[in-house]
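Here is the file run_26.cif (mmCIF, C-alpha atoms).
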```cif
data_target
#
loop_
_atom_site.label_atom_id
_atom_site.label_comp_id
_atom_site.auth_asym_id
_atom_site.auth_seq_id
_atom_site.Cartn_x
_atom_site.Cartn_y
_atom_site.Cartn_z
CA MET A 25 13.65 35.01 59.33
CA ASN A 26 16.29 37.22 60.88
CA ILE A 27 18.27 36.14 63.90
CA GLU A 28 16.04 38.00 66.38
CA GLU A 29 12.96 36.18 65.08
CA ILE A 30 14.76 32.85 65.21
CA ILE A 31 15.80 33.51 68.82
CA GLU A 32 12.23 34.32 69.73
CA GLU A 33 10.99 31.10 68.17
CA PHE A 34 13.60 29.01 70.01
CA GLN A 35 12.87 30.70 73.31
CA GLU A 36 9.23 29.66 73.06
CA ALA A 37 10.07 26.07 72.07
CA ASP A 38 10.22 23.14 74.48
CA PHE A 39 12.85 20.41 74.23
CA GLN A 40 11.07 18.33 71.58
CA GLU A 41 10.19 21.39 69.50
CA THR A 42 13.80 22.55 69.65
CA LEU A 43 14.97 19.18 68.36
CA ALA A 44 12.36 19.25 65.60
CA MET A 45 13.42 22.76 64.51
CA LEU A 46 17.10 21.80 64.46
CA LEU A 47 16.26 18.71 62.45
CA ASP A 48 14.32 20.81 59.91
CA TYR A 49 17.26 23.16 59.60
CA SER A 50 19.64 20.23 59.26
CA GLU A 51 17.61 18.78 56.41
CA GLY A 52 17.45 22.15 54.68
CA LEU A 53 21.17 23.00 54.63
CA PRO A 54 21.93 23.90 51.00
CA LYS A 55 24.50 21.69 49.32
CA LEU A 56 27.98 23.16 49.25
CA PRO A 57 28.54 24.74 45.80
CA GLU A 58 30.94 22.75 43.64
CA GLU A 59 33.47 25.57 43.53
CA PHE A 60 34.26 24.99 47.24
CA GLU A 61 34.52 21.22 47.14
CA GLU A 62 38.21 21.11 46.36
CA ALA A 63 39.04 23.45 49.24
CA ARG A 64 36.92 21.33 51.58
CA ASP A 65 38.50 18.08 50.45
CA THR A 66 41.97 19.44 51.11
CA GLY A 67 40.89 20.49 54.60
CA TYR A 68 40.77 24.27 54.16
CA ASN A 69 38.25 26.29 56.13
CA ARG A 70 37.56 23.56 58.65
CA VAL A 71 36.49 24.80 62.08
CA ALA A 72 39.21 23.09 64.09
CA GLU A 73 37.55 23.50 67.48
CA CYS A 74 34.49 21.53 66.49
CA GLU A 75 34.77 17.74 66.70
CA THR A 76 32.43 17.39 63.73
CA PRO A 77 34.03 18.28 60.38
CA VAL A 78 32.43 21.67 59.73
CA PHE A 79 33.55 23.78 56.77
CA ILE A 80 32.59 27.44 56.49
CA PHE A 81 33.11 29.62 53.41
CA VAL A 82 32.38 33.35 53.50
CA ARG A 83 32.61 35.93 50.75
CA LEU A 84 31.27 39.41 50.08
CA GLU A 85 29.09 40.10 47.06
CA ASP A 86 27.87 43.67 46.48
CA GLY A 87 28.30 44.53 50.13
CA LYS A 88 26.35 41.48 51.31
CA VAL A 89 27.75 38.44 53.04
CA ARG A 90 27.38 35.09 51.28
CA LEU A 91 27.74 32.13 53.57
CA PHE A 92 28.30 28.51 52.51
CA ALA A 93 28.81 25.50 54.73
CA ASP A 94 29.29 21.76 54.74
CA VAL A 95 28.50 19.47 57.68
CA PRO A 96 28.00 15.67 57.53
CA GLU A 97 24.45 14.37 57.78
CA GLU A 98 25.55 12.01 60.57
CA SER A 99 25.97 15.05 62.84
CA PRO A 100 22.47 16.51 62.69
CA THR A 101 22.74 18.75 65.77
CA VAL A 102 25.77 20.63 64.50
CA ARG A 103 24.43 20.56 60.95
CA GLY A 104 21.14 22.01 62.15
CA PHE A 105 22.86 24.81 64.04
CA VAL A 106 25.09 25.68 61.07
CA ALA A 107 22.06 25.63 58.74
CA LEU A 108 20.31 28.02 61.14
CA LEU A 109 23.27 30.41 60.89
CA VAL A 110 23.31 30.15 57.11
CA ASP A 111 19.57 30.82 57.02
CA ALA A 112 19.89 33.83 59.30
CA PHE A 113 23.07 35.40 57.94
CA ASP A 114 23.42 34.54 54.24
CA GLY A 115 22.59 37.83 52.50
CA SER A 116 23.07 40.00 55.61
CA THR A 117 25.41 42.95 55.76
CA PRO A 118 28.72 42.57 57.62
CA ASP A 119 27.42 45.02 60.24
CA GLU A 120 24.35 42.91 60.93
CA ILE A 121 26.57 39.91 61.56
CA GLU A 122 28.99 41.83 63.69
CA ASN A 123 26.14 43.16 65.82
CA ALA A 124 24.38 39.80 66.18
CA PRO A 125 24.30 38.66 69.82
CA GLY A 126 27.60 37.28 71.08
CA ASN A 127 25.90 34.80 73.36
CA LEU A 128 23.70 33.37 70.62
CA ILE A 129 23.76 29.79 71.93
CA ASN A 130 22.60 31.00 75.28
CA SER A 131 19.91 33.19 73.69
CA LEU A 132 18.62 30.24 71.69
CA GLY A 133 18.53 28.20 74.90
CA LEU A 134 20.58 25.41 73.33
CA ASP A 135 22.96 25.07 76.29
CA GLN A 136 20.01 24.59 78.64
CA LYS A 137 18.19 22.15 76.40
CA LEU A 138 20.98 20.08 74.85
CA GLY A 139 23.50 20.12 77.71
CA THR A 140 26.59 22.27 78.07
CA ARG A 141 29.04 19.58 76.95
CA ARG A 142 27.79 19.86 73.41
CA MET A 143 28.05 23.63 73.14
CA PHE A 144 31.77 24.33 72.75
CA GLY A 145 31.93 23.28 69.11
CA LEU A 146 28.84 25.30 68.27
CA SER A 147 30.26 28.51 69.77
CA ALA A 148 33.45 27.91 67.79
CA VAL A 149 31.45 27.72 64.55
CA TYR A 150 29.63 30.95 65.36
CA SER A 151 32.83 32.84 66.26
CA ARG A 152 34.41 31.54 63.10
CA ILE A 153 31.65 33.00 60.93
CA LYS A 154 32.04 36.39 62.62
CA SER A 155 35.82 36.37 62.16
CA GLU A 156 35.60 35.18 58.53
CA VAL A 157 33.28 38.09 57.74
CA LYS A 158 35.83 40.53 59.19
CA LYS A 159 38.59 38.86 57.23
CA ALA A 160 36.57 39.11 54.03
CA GLN A 161 36.07 42.83 54.67
CA ARG A 162 39.80 43.37 55.19
CA ILE A 163 40.70 41.52 52.01
CA GLN A 164 38.26 43.62 49.98
CA MET B 29 39.77 -20.78 69.78
CA ALA B 30 38.54 -19.30 73.03
CA ASP B 31 35.05 -17.87 73.30
CA TYR B 32 33.89 -14.81 75.22
CA ILE B 33 33.14 -15.61 78.84
CA HIS B 34 29.59 -14.20 78.54
CA PRO B 35 28.88 -14.46 74.80
CA ASP B 36 25.12 -14.21 75.35
CA VAL B 37 25.40 -10.49 76.07
CA LEU B 38 26.14 -9.81 72.40
CA VAL B 39 23.49 -10.05 69.73
CA SER B 40 23.90 -9.66 65.98
CA THR B 41 22.12 -7.24 63.65
CA ASP B 42 20.28 -10.33 62.33
CA TRP B 43 19.04 -11.12 65.81
CA VAL B 44 17.77 -7.57 66.28
CA ALA B 45 16.03 -7.59 62.90
CA GLU B 46 14.25 -10.77 63.91
CA HIS B 47 13.44 -10.00 67.55
CA GLN B 48 12.95 -6.23 67.63
CA ASN B 49 9.18 -6.59 68.01
CA ASP B 50 9.20 -9.36 70.60
CA PRO B 51 7.03 -8.19 73.51
CA GLY B 52 9.78 -8.76 76.08
CA VAL B 53 12.43 -6.90 74.10
CA ARG B 54 13.10 -3.16 73.86
CA ILE B 55 15.74 -1.75 71.50
CA VAL B 56 17.49 1.39 72.79
CA GLU B 57 19.56 3.70 70.59
CA SER B 58 22.14 5.84 72.38
CA ASP B 59 24.28 8.22 70.32
CA GLU B 60 26.69 11.03 70.88
CA ASP B 61 24.51 13.32 68.76
CA VAL B 62 21.15 13.94 70.40
CA LEU B 63 19.43 14.25 66.99
CA LEU B 64 20.92 11.27 65.20
CA TYR B 65 18.11 8.94 66.28
CA ASP B 66 15.60 11.42 64.81
CA VAL B 67 17.30 11.27 61.41
CA GLY B 68 16.46 7.57 61.25
CA HIS B 69 16.57 4.61 63.61
CA ILE B 70 15.76 0.90 63.85
CA GLU B 71 11.98 0.71 63.59
CA SER B 72 11.10 -0.41 67.10
CA ALA B 73 13.93 1.48 68.85
CA VAL B 74 13.49 4.21 71.47
CA LYS B 75 16.06 6.92 72.15
CA VAL B 76 17.98 7.33 75.40
CA ASP B 77 20.32 10.31 75.33
CA TRP B 78 23.48 10.08 77.47
CA GLN B 79 23.30 13.71 78.44
CA THR B 80 19.71 14.95 78.49
CA ASP B 81 18.21 11.66 79.74
CA LEU B 82 20.87 9.97 81.88
CA GLN B 83 22.77 12.86 83.46
CA ASP B 84 21.55 15.20 86.14
CA GLN B 85 21.29 18.66 84.60
CA LEU B 86 22.63 20.51 87.66
CA VAL B 87 25.15 18.39 89.53
CA ARG B 88 27.79 16.34 87.70
CA ASP B 89 26.16 12.99 88.36
CA TYR B 90 23.62 10.61 86.91
CA ILE B 91 19.90 11.05 87.38
CA ASP B 92 18.48 9.69 90.62
CA LYS B 93 16.54 6.49 91.17
CA GLU B 94 13.10 8.14 90.72
CA LYS B 95 14.08 9.83 87.48
CA PHE B 96 15.45 6.56 86.13
CA GLU B 97 12.20 4.81 87.07
CA ASN B 98 10.22 7.50 85.22
CA LEU B 99 12.49 7.27 82.19
CA MET B 100 12.00 3.49 82.05
CA SER B 101 8.24 3.70 82.30
CA GLU B 102 8.10 6.38 79.58
CA LYS B 103 10.18 4.19 77.28
CA GLY B 104 7.98 1.19 77.93
CA ILE B 105 10.66 -0.76 79.76
CA SER B 106 9.71 -3.04 82.66
CA ASN B 107 12.03 -4.62 85.18
CA ASP B 108 11.99 -7.88 83.22
CA THR B 109 12.39 -6.33 79.72
CA THR B 110 15.42 -7.42 77.73
CA VAL B 111 17.02 -4.15 76.63
CA VAL B 112 19.24 -4.24 73.54
CA PHE B 113 21.57 -1.26 73.10
CA TYR B 114 23.15 0.09 69.94
CA GLY B 115 24.56 3.44 68.88
CA ASP B 116 27.03 5.49 66.88
CA ARG B 117 30.84 5.61 67.21
CA ASN B 118 31.41 1.87 67.70
CA ASN B 119 28.82 1.68 70.46
CA TRP B 120 30.66 4.07 72.84
CA TRP B 121 27.43 5.64 74.00
CA ALA B 122 25.57 2.36 73.83
CA CYS B 123 28.15 0.93 76.29
CA TYR B 124 27.78 4.06 78.42
CA ALA B 125 23.98 3.68 78.54
CA PHE B 126 24.37 -0.07 79.19
CA TRP B 127 26.64 0.76 82.15
CA VAL B 128 24.16 3.32 83.54
CA PHE B 129 21.34 0.78 83.23
CA LYS B 130 23.50 -1.69 85.18
CA LEU B 131 24.16 1.03 87.76
CA PHE B 132 20.41 1.10 88.35
CA GLY B 133 20.35 -2.68 88.50
CA HIS B 134 18.60 -3.46 85.22
CA GLU B 135 19.10 -7.16 84.79
CA ASN B 136 18.69 -8.08 81.13
CA CYS B 137 20.94 -5.86 79.02
CA LEU B 138 22.32 -6.91 75.63
CA MET B 139 24.53 -5.15 73.09
CA MET B 140 24.07 -5.19 69.32
CA ASN B 141 27.55 -5.99 68.03
CA GLY B 142 28.74 -3.42 65.47
CA GLY B 143 26.18 -0.75 66.41
CA ARG B 144 24.40 1.71 64.17
CA GLN B 145 27.08 1.74 61.48
CA LYS B 146 26.95 -2.01 60.91
CA TRP B 147 23.16 -1.88 60.62
CA ILE B 148 23.47 0.89 57.99
CA ASP B 149 26.34 -0.82 56.16
CA GLU B 150 24.13 -3.88 55.77
CA ASP B 151 21.49 -1.71 54.06
CA ARG B 152 18.96 -2.41 56.75
CA PRO B 153 16.02 -0.01 57.02
CA LEU B 154 15.88 3.07 59.26
CA VAL B 155 12.65 4.90 60.02
CA LYS B 156 11.79 8.31 61.47
CA ASP B 157 8.51 7.48 63.19
CA VAL B 158 8.97 7.28 66.93
CA PRO B 159 7.28 4.16 68.32
CA GLU B 160 5.03 4.50 71.33
CA TYR B 161 4.78 1.87 74.00
CA PRO B 162 2.39 1.56 76.92
CA VAL B 163 3.73 3.16 80.08
CA THR B 164 5.16 0.58 82.47
CA SER B 165 5.71 0.49 86.16
CA TYR B 166 9.41 0.24 87.01
CA THR B 167 11.14 -0.07 90.36
CA VAL B 168 14.82 0.38 91.09
CA SER B 169 15.46 -1.71 94.17
CA GLU B 170 19.13 -0.91 94.59
CA VAL B 171 21.69 1.32 92.91
CA ASN B 172 24.66 -0.89 92.06
CA GLU B 173 27.66 1.32 92.78
CA SER B 174 30.06 -1.63 92.74
CA ILE B 175 30.69 -0.87 89.06
CA ARG B 176 31.42 2.82 89.64
CA ALA B 177 34.63 4.29 91.05
CA PHE B 178 34.84 7.74 92.65
CA LYS B 179 38.07 9.73 93.06
CA ASP B 180 38.56 8.43 96.62
CA ASP B 181 38.27 4.86 95.38
CA VAL B 182 40.93 5.61 92.80
CA MET B 183 43.20 7.15 95.48
CA ALA B 184 42.80 4.00 97.57
CA HIS B 185 43.40 1.85 94.50
CA LEU B 186 46.71 3.62 93.79
CA GLY B 187 48.62 2.21 96.71
CA SER B 188 47.08 -1.25 96.48
CA GLY B 189 48.97 -2.48 93.42
CA ASN B 190 45.71 -3.23 91.61
CA PRO B 191 45.58 -2.40 87.92
CA LEU B 192 44.30 0.83 86.44
CA ILE B 193 43.57 1.02 82.73
CA ASP B 194 43.77 4.37 80.97
CA VAL B 195 41.80 3.93 77.74
CA ARG B 196 42.61 7.33 76.22
CA SER B 197 44.80 7.87 73.18
CA PRO B 198 48.60 7.61 73.66
CA GLY B 199 48.93 11.40 73.29
CA GLU B 200 46.51 12.02 76.14
CA TYR B 201 48.16 9.33 78.29
CA THR B 202 51.63 10.81 77.93
CA GLY B 203 50.28 14.29 78.57
CA GLU B 204 51.19 15.75 75.19
CA LEU B 205 47.52 16.44 74.62
CA LEU B 206 45.35 18.03 77.27
CA HIS B 207 42.25 16.72 75.57
CA MET B 208 41.28 14.14 73.02
CA GLU B 209 42.07 15.33 69.53
CA ALA B 210 39.10 17.32 68.24
CA TYR B 211 37.36 17.31 71.64
CA PRO B 212 38.83 20.46 73.22
CA GLN B 213 35.75 21.09 75.35
CA GLU B 214 36.70 18.19 77.56
CA GLY B 215 40.12 19.42 78.50
CA ALA B 216 42.00 19.45 81.78
CA LEU B 217 44.49 21.81 83.37
CA ARG B 218 47.14 19.11 83.74
CA GLY B 219 48.30 16.40 81.36
CA GLY B 220 49.55 12.88 82.03
CA HIS B 221 47.94 9.86 83.67
CA ILE B 222 47.07 8.42 87.06
CA PRO B 223 50.28 6.85 88.47
CA GLY B 224 50.62 3.19 87.57
CA ALA B 225 47.90 3.19 84.92
CA ALA B 226 48.51 1.12 81.80
CA ASN B 227 47.50 2.63 78.50
CA VAL B 228 45.15 0.51 76.39
CA PRO B 229 43.21 2.80 74.05
CA TRP B 230 39.61 1.63 73.97
CA ALA B 231 39.63 1.12 70.21
CA THR B 232 42.22 -1.63 70.63
CA ALA B 233 39.22 -3.79 71.53
CA ALA B 234 37.22 -2.96 68.40
CA ASN B 235 37.42 -4.12 64.80
CA GLU B 236 37.21 -1.68 61.90
CA ASP B 237 33.51 -2.39 61.45
CA GLY B 238 32.82 -1.52 65.09
CA THR B 239 32.35 -5.11 66.28
CA PHE B 240 34.36 -6.40 69.23
CA LYS B 241 37.62 -8.24 68.64
CA SER B 242 37.71 -12.00 69.14
CA ALA B 243 38.22 -13.53 72.57
CA ASP B 244 41.74 -14.67 71.59
CA GLU B 245 42.73 -11.18 70.52
CA LEU B 246 41.27 -9.63 73.68
CA VAL B 247 43.12 -12.13 75.89
CA SER B 248 46.33 -11.29 74.10
CA ILE B 249 45.81 -7.51 74.53
CA TYR B 250 44.66 -7.31 78.15
CA LYS B 251 46.15 -10.43 79.74
CA ASP B 252 49.29 -11.31 77.80
CA ASP B 253 50.44 -7.75 76.98
CA LYS B 254 49.11 -5.75 79.93
CA GLY B 255 49.31 -8.47 82.55
CA LEU B 256 45.72 -8.45 83.83
CA LYS B 257 45.08 -11.64 85.80
CA ASP B 258 41.82 -13.43 86.58
CA GLY B 259 40.40 -12.07 89.81
CA ASP B 260 42.04 -8.65 89.43
CA ASP B 261 40.25 -5.60 90.78
CA VAL B 262 40.38 -3.19 87.82
CA ILE B 263 39.48 0.49 87.40
CA ALA B 264 39.14 1.93 83.90
CA TYR B 265 38.99 5.62 83.04
CA CYS B 266 39.14 8.01 80.08
CA ARG B 267 38.13 11.69 80.10
CA ILE B 268 34.42 11.57 80.96
CA GLY B 269 33.81 7.85 81.37
CA GLU B 270 32.32 6.99 78.01
CA ARG B 271 35.25 5.31 76.26
CA SER B 272 36.04 3.53 79.51
CA SER B 273 32.52 2.12 79.69
CA HIS B 274 33.37 0.41 76.38
CA THR B 275 36.45 -1.12 78.06
CA TRP B 276 34.41 -1.91 81.21
CA PHE B 277 32.03 -3.84 78.96
CA VAL B 278 34.86 -5.75 77.27
CA LEU B 279 36.58 -6.68 80.53
CA THR B 280 33.39 -7.59 82.38
CA TYR B 281 31.44 -9.51 79.75
CA LEU B 282 33.84 -10.61 77.07
CA LEU B 283 36.81 -11.47 79.33
CA GLY B 284 34.80 -12.26 82.47
CA PHE B 285 36.52 -10.04 85.07
CA GLU B 286 34.19 -9.79 88.04
CA ASN B 287 35.56 -6.64 89.68
CA VAL B 288 35.76 -3.89 87.10
CA ARG B 289 34.80 -0.32 87.93
CA ASN B 290 34.39 2.64 85.61
CA TYR B 291 35.80 5.90 87.00
CA ASP B 292 33.34 8.28 85.33
CA GLY B 293 34.97 11.38 86.83
CA SER B 294 37.97 10.36 84.71
CA TRP B 295 40.60 12.81 83.48
CA THR B 296 38.24 15.82 83.48
CA GLU B 297 38.11 15.37 87.25
CA TRP B 298 41.59 13.98 87.98
CA GLY B 299 43.51 16.37 85.71
CA ASN B 300 41.78 19.39 87.29
CA MET B 301 41.99 18.29 90.92
CA VAL B 302 44.39 20.10 93.27
CA ARG B 303 47.24 17.86 94.46
CA ALA B 304 46.07 14.77 92.59
CA PRO B 305 49.17 12.68 91.84
CA ILE B 306 50.06 12.54 88.16
CA GLU B 307 52.63 10.53 86.27
CA LYS B 308 54.19 11.64 83.04
CA PRO B 309 56.55 9.36 81.21
#
```

Mind converting the file's structure to structure tokens?
Amino acid sequence: MNIEEIIEEFQEADFQETLAMLLDYSEGLPKLPEEFEEARDTGYNRVAECETPVFIFVRLEDGKVRLFADVPEESPTVRGFVALLVDAFDGSTPDEIENAPGNLINSLGLDQKLGTRRMFGLSAVYSRIKSEVKKAQRIQ
Amino acid sequence: MADYIHPDVLVSTDWVAEHQNDPGVRIVESDEDVLLYDVGHIESAVKVDWQTDLQDQLVRDYIDKEKFENLMSEKGISNDTTVVFYGDRNNWWACYAFWVFKLFGHENCLMMNGGRQKWIDEDRPLVKDVPEYPVTSYTVSEVNESIRAFKDDVMAHLGSGNPLIDVRSPGEYTGELLHMEAYPQEGALRGGHIPGAANVPWATAANEDGTFKSADELVSIYKDDKGLKDGDDVIAYCRIGERSSHTWFVLTYLLGFENVRNYDGSWTEWGNMVRAPIEKP
């Protein structure tokens, strides 16, 4: 599903359905490829603003964005949100990610359903992905 | 060796394993992460979320009496049910939920010593199925605000010479950090502490495995080192009132102080309030 379809699905979901969808995403987050483990273990690519240890790795392959992430299973809400982003954006073009809605958390209704206090870390993760994609483009 | 003043308020993981299906007992899991319970929980436990269940979604306050009554009946909790709390992060949120239940006057509240982590470390089972209990009828007869301090209470407390306990980390207390490390969303515009407050980080009261320290150790920390005396009127605060509910629990039940209030507005209110007095070392 692309991000617009995911937004639509979340907008139609009630509180329990939202939790169930996030939990499904959380369980489906692909394991971080071995090549990134060393960087993660030395603390590189951690999203500092998020209280949960979230690690995001972005690279470009044939003009497409590849997105890899690691989030502990004990933080299922953040893990679910990150897995949603990986699902939506892994394989997208940099333009698609740049043009994705800035207020994604609001569009998904997560601030309304989960409470605003939990949202800061999630926005930080989302901004980080956008900025990493730009960085990857500059390096190329 | 001294014992806790109210040792009966603590139960072990063994006790919970044995009594979780007793008809008069309800196990409540309260975590920081709203989904953690759904990943796996103690079989008979229900979830109570600190934010989506216990807080009002519009005003910065707790839910009202009617909403608490509805929450209790949905969770199958009656006025005479013994509620046993446990949760993640050394029972921070379990203590917070325990405190909110006391605010609404729930009589029989117990805490599972060591929380979720201890249960997992002991290789005890977790399940995903959410148990269902018959709806109960629940009545809140009186909201017990004697355990809650508002900013005006804290102002009045300042000049009285009564102790204030700041349970945040030393960096937050001295004002070097405007928020708890890694929790920037709960920041404040000013750093420092409420004048006269003593700094006793909440975790001082916890062992590595999340259980509470012994009575002797707690006496040494709060009475010998920080000078709290029996009969003292104490206010504890942190940044949003969750770490201080852990300290409120320790002072009230383990050390037996009878007048302890949790200032839930805490630093996110005080450190943002115009003209609030602040001390910086």

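What the PyMOL selection byres ((chain A) within 6 of (chain B)) matches in the given file is Glu75, Pro100, Thr101 and Phe144 of chain A.
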
Please dump the current selection as a PDB file, in the frame of the given file; keep C-alpha atoms.
```
ATOM      1  CA  GLU A  75      34.770  17.740  66.700  1.00  0.00           C
ATOM      2  CA  PRO A 100      22.470  16.510  62.690  1.00  0.00           C
ATOM      3  CA  THR A 101      22.740  18.750  65.770  1.00  0.00           C
ATOM      4  CA  PHE A 144      31.770  24.330  72.750  1.00  0.00           C
TER       5      PHE A 144
END
```

| request: Give me the residues within 8 Å of Pro229 of chain B as a ChimeraX atom specification, counting only C-alpha atoms and dropping any in the same chain fewer than 6 places off. | output: /B:194-198

I want to know what sits within 9 Å of Leu279 of chain B, based on all atoms listed in the file, with residues of the same chain fewer than 4 positions away left out; could you give that as a PDB file with C-alpha atoms, keeping the file's coordinate frame?
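In the end it all went to part26.pdb:
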```pdb
ATOM      1  CA  LEU B 246      41.270  -9.630  73.680  1.00  0.00           C
ATOM      2  CA  TYR B 250      44.660  -7.310  78.150  1.00  0.00           C
ATOM      3  CA  VAL B 262      40.380  -3.190  87.820  1.00  0.00           C
ATOM      4  CA  HIS B 274      33.370   0.410  76.380  1.00  0.00           C
ATOM      5  CA  THR B 275      36.450  -1.120  78.060  1.00  0.00           C
ATOM      6  CA  LEU B 283      36.810 -11.470  79.330  1.00  0.00           C
ATOM      7  CA  GLY B 284      34.800 -12.260  82.470  1.00  0.00           C
ATOM      8  CA  PHE B 285      36.520 -10.040  85.070  1.00  0.00           C
ATOM      9  CA  GLU B 286      34.190  -9.790  88.040  1.00  0.00           C
ATOM     10  CA  VAL B 288      35.760  -3.890  87.100  1.00  0.00           C
TER      11      VAL B 288
END
```

| request: Would you kindly return, as an MDAnalysis selection string, each protein, DNA or RNA residue with an atom no farther than 12 Å from any atom of Pro35 of chain B, considering only C-alpha atoms and excluding same-chain residues fewer than 5 positions away? | output: chainID B and resid 30 40 138:141 240 242:243 277:278 280:284

| note | From atom CA of Val228 of chain B to atom CA of Asp181 of chain B the spacing works out at 20.7 Å

| field | Contacts of Glu270 of chain B within 7 Å, all atoms listed in the file, excl. fewer than 3 positions in-chain, as a list of chain:residue names | value | B:Trp120, B:Trp121, B:Tyr124, B:Ser273, B:His274

Please produce a file of those selected residues containing C-alpha atoms, as a short mmCIF file (atom, residue, chain, number, x, y, z; two decimals), in the coordinates of the input.
```
data_model
loop_
_atom_site.label_atom_id
_atom_site.label_comp_id
_atom_site.auth_asym_id
_atom_site.auth_seq_id
_atom_site.Cartn_x
_atom_site.Cartn_y
_atom_site.Cartn_z
CA TRP B 120 30.66 4.07 72.84
CA TRP B 121 27.43 5.64 74.00
CA TYR B 124 27.78 4.06 78.42
CA SER B 273 32.52 2.12 79.69
CA HIS B 274 33.37 0.41 76.38
#
```

| request: Please evaluate the PyMOL selection byres ((chain A and resi 42) around 12) against the structure above and give the resulting residues as an MDAnalysis selection string. | output: (chainID A and resid 30:41 43:49 101 104:105 132:138) or (chainID B and resid 62:63)

Output the selection as an mmCIF file, in the coordinates of the input - C-alpha atoms for each residue.
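Okay, this is what ended up in selection.cif:
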```
data_model
loop_
_atom_site.group_PDB
_atom_site.id
_atom_site.type_symbol
_atom_site.label_atom_id
_atom_site.label_comp_id
_atom_site.auth_asym_id
_atom_site.auth_seq_id
_atom_site.Cartn_x
_atom_site.Cartn_y
_atom_site.Cartn_z
ATOM 1 C CA ILE A 30 14.760 32.850 65.210
ATOM 2 C CA ILE A 31 15.800 33.510 68.820
ATOM 3 C CA GLU A 32 12.230 34.320 69.730
ATOM 4 C CA GLU A 33 10.990 31.100 68.170
ATOM 5 C CA PHE A 34 13.600 29.010 70.010
ATOM 6 C CA GLN A 35 12.870 30.700 73.310
ATOM 7 C CA GLU A 36 9.230 29.660 73.060
ATOM 8 C CA ALA A 37 10.070 26.070 72.070
ATOM 9 C CA ASP A 38 10.220 23.140 74.480
ATOM 10 C CA PHE A 39 12.850 20.410 74.230
ATOM 11 C CA GLN A 40 11.070 18.330 71.580
ATOM 12 C CA GLU A 41 10.190 21.390 69.500
ATOM 13 C CA LEU A 43 14.970 19.180 68.360
ATOM 14 C CA ALA A 44 12.360 19.250 65.600
ATOM 15 C CA MET A 45 13.420 22.760 64.510
ATOM 16 C CA LEU A 46 17.100 21.800 64.460
ATOM 17 C CA LEU A 47 16.260 18.710 62.450
ATOM 18 C CA ASP A 48 14.320 20.810 59.910
ATOM 19 C CA TYR A 49 17.260 23.160 59.600
ATOM 20 C CA THR A 101 22.740 18.750 65.770
ATOM 21 C CA GLY A 104 21.140 22.010 62.150
ATOM 22 C CA PHE A 105 22.860 24.810 64.040
ATOM 23 C CA LEU A 132 18.620 30.240 71.690
ATOM 24 C CA GLY A 133 18.530 28.200 74.900
ATOM 25 C CA LEU A 134 20.580 25.410 73.330
ATOM 26 C CA ASP A 135 22.960 25.070 76.290
ATOM 27 C CA GLN A 136 20.010 24.590 78.640
ATOM 28 C CA LYS A 137 18.190 22.150 76.400
ATOM 29 C CA LEU A 138 20.980 20.080 74.850
ATOM 30 C CA VAL B 62 21.150 13.940 70.400
ATOM 31 C CA LEU B 63 19.430 14.250 66.990
#
```

| query | Expressed in Å to a single decimal, how great is the separation between atom CA of Val56 of chain B and atom CA of Asn119 of chain B? | reply | 11.6 Å

| Test item: the PyMOL selection byres ((chain B and resi 74-76) around 12) resolved as JSON, numbers by chain | {"B": [48, 53, 54, 55, 56, 57, 58, 59, 60, 61, 62, 63, 64, 65, 66, 67, 68, 69, 70, 71, 72, 73, 77, 78, 79, 80, 81, 82, 83, 96, 99, 100, 102, 103, 104, 105, 111, 112, 113, 114, 115, 121, 122, 124, 125, 126, 128, 129, 155, 156, 157, 158, 159, 160, 161]}

| query | So which residues touch Ser116 of chain A within 7 Å, counting all atoms listed in the file, skipping near sequence neighbours fewer than 3 positions away, as a list in words? | reply | Lys88, Val89, Phe113, Glu120 and Ile121 of chain A

| Residue nearest Tyr291 of chain B - candidates B:Glu173, B:Glu307, B:Glu245, B:Glu204, atoms counted: only C-alpha atoms | B:Glu173

| message | Just checking: using only C-alpha atoms, which residue out of B:Val163, B:Arg176, B:Ile306, B:Asp261 ends up closest to Gly189 of chain B? | response |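 Going through B:Val163, B:Arg176, B:Ile306, B:Asp261 one by one, the smallest distance to Gly189 of chain B is for B:Asp261.
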
| Coordinates-based distance that separates atom CA of Glu200 of chain B from atom CA of Met301 of chain B (Å, one decimal) |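 If I compute the distance from atom CA of Met301 of chain B to atom CA of Glu200 of chain B, I get 16.7 Å.
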
| Protein and nucleic acid residues near (38.0, 26.6, 50.6) (cut-off 12 Å, only C-alpha atoms) as number ranges by chain | A: 56-71, 78-83, 92-94, 156

| message | Given the point (49.5, 8.9, 79.7) in the file's coordinates, find the residues that have an atom at most 8 Å from it, counting all atoms listed in the file, and give them as a list in words. | response |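 Final list of nearby residues, as requested, is Asp194, Arg196, Pro198, Gly199, Glu200, Tyr201, Thr202, Gly203, Gly219, Gly220, His221, Ile222, Ala225, Asn227, Glu307, Lys308 and Pro309 of chain B.
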
| request: Could you tell me which of B:Arg144, B:Arg152, B:Lys179, B:Arg303 comes closest to Arg289 of chain B if we count all atoms listed in the file? | output: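 Nearest to Arg289 of chain B: B:Lys179.
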
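With only C-alpha atoms as the atoms that count, the minimum distance from Ser151 of chain A to the choices A:Asp111, A:Pro118, A:Gly87, A:Glu73 is reached by A:Glu73.
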
| Counting all atoms listed in the file, the option among A:Ser147, A:Leu91, A:Asp114, A:Arg142 closest to Ile129 of chain A | A:Ser147
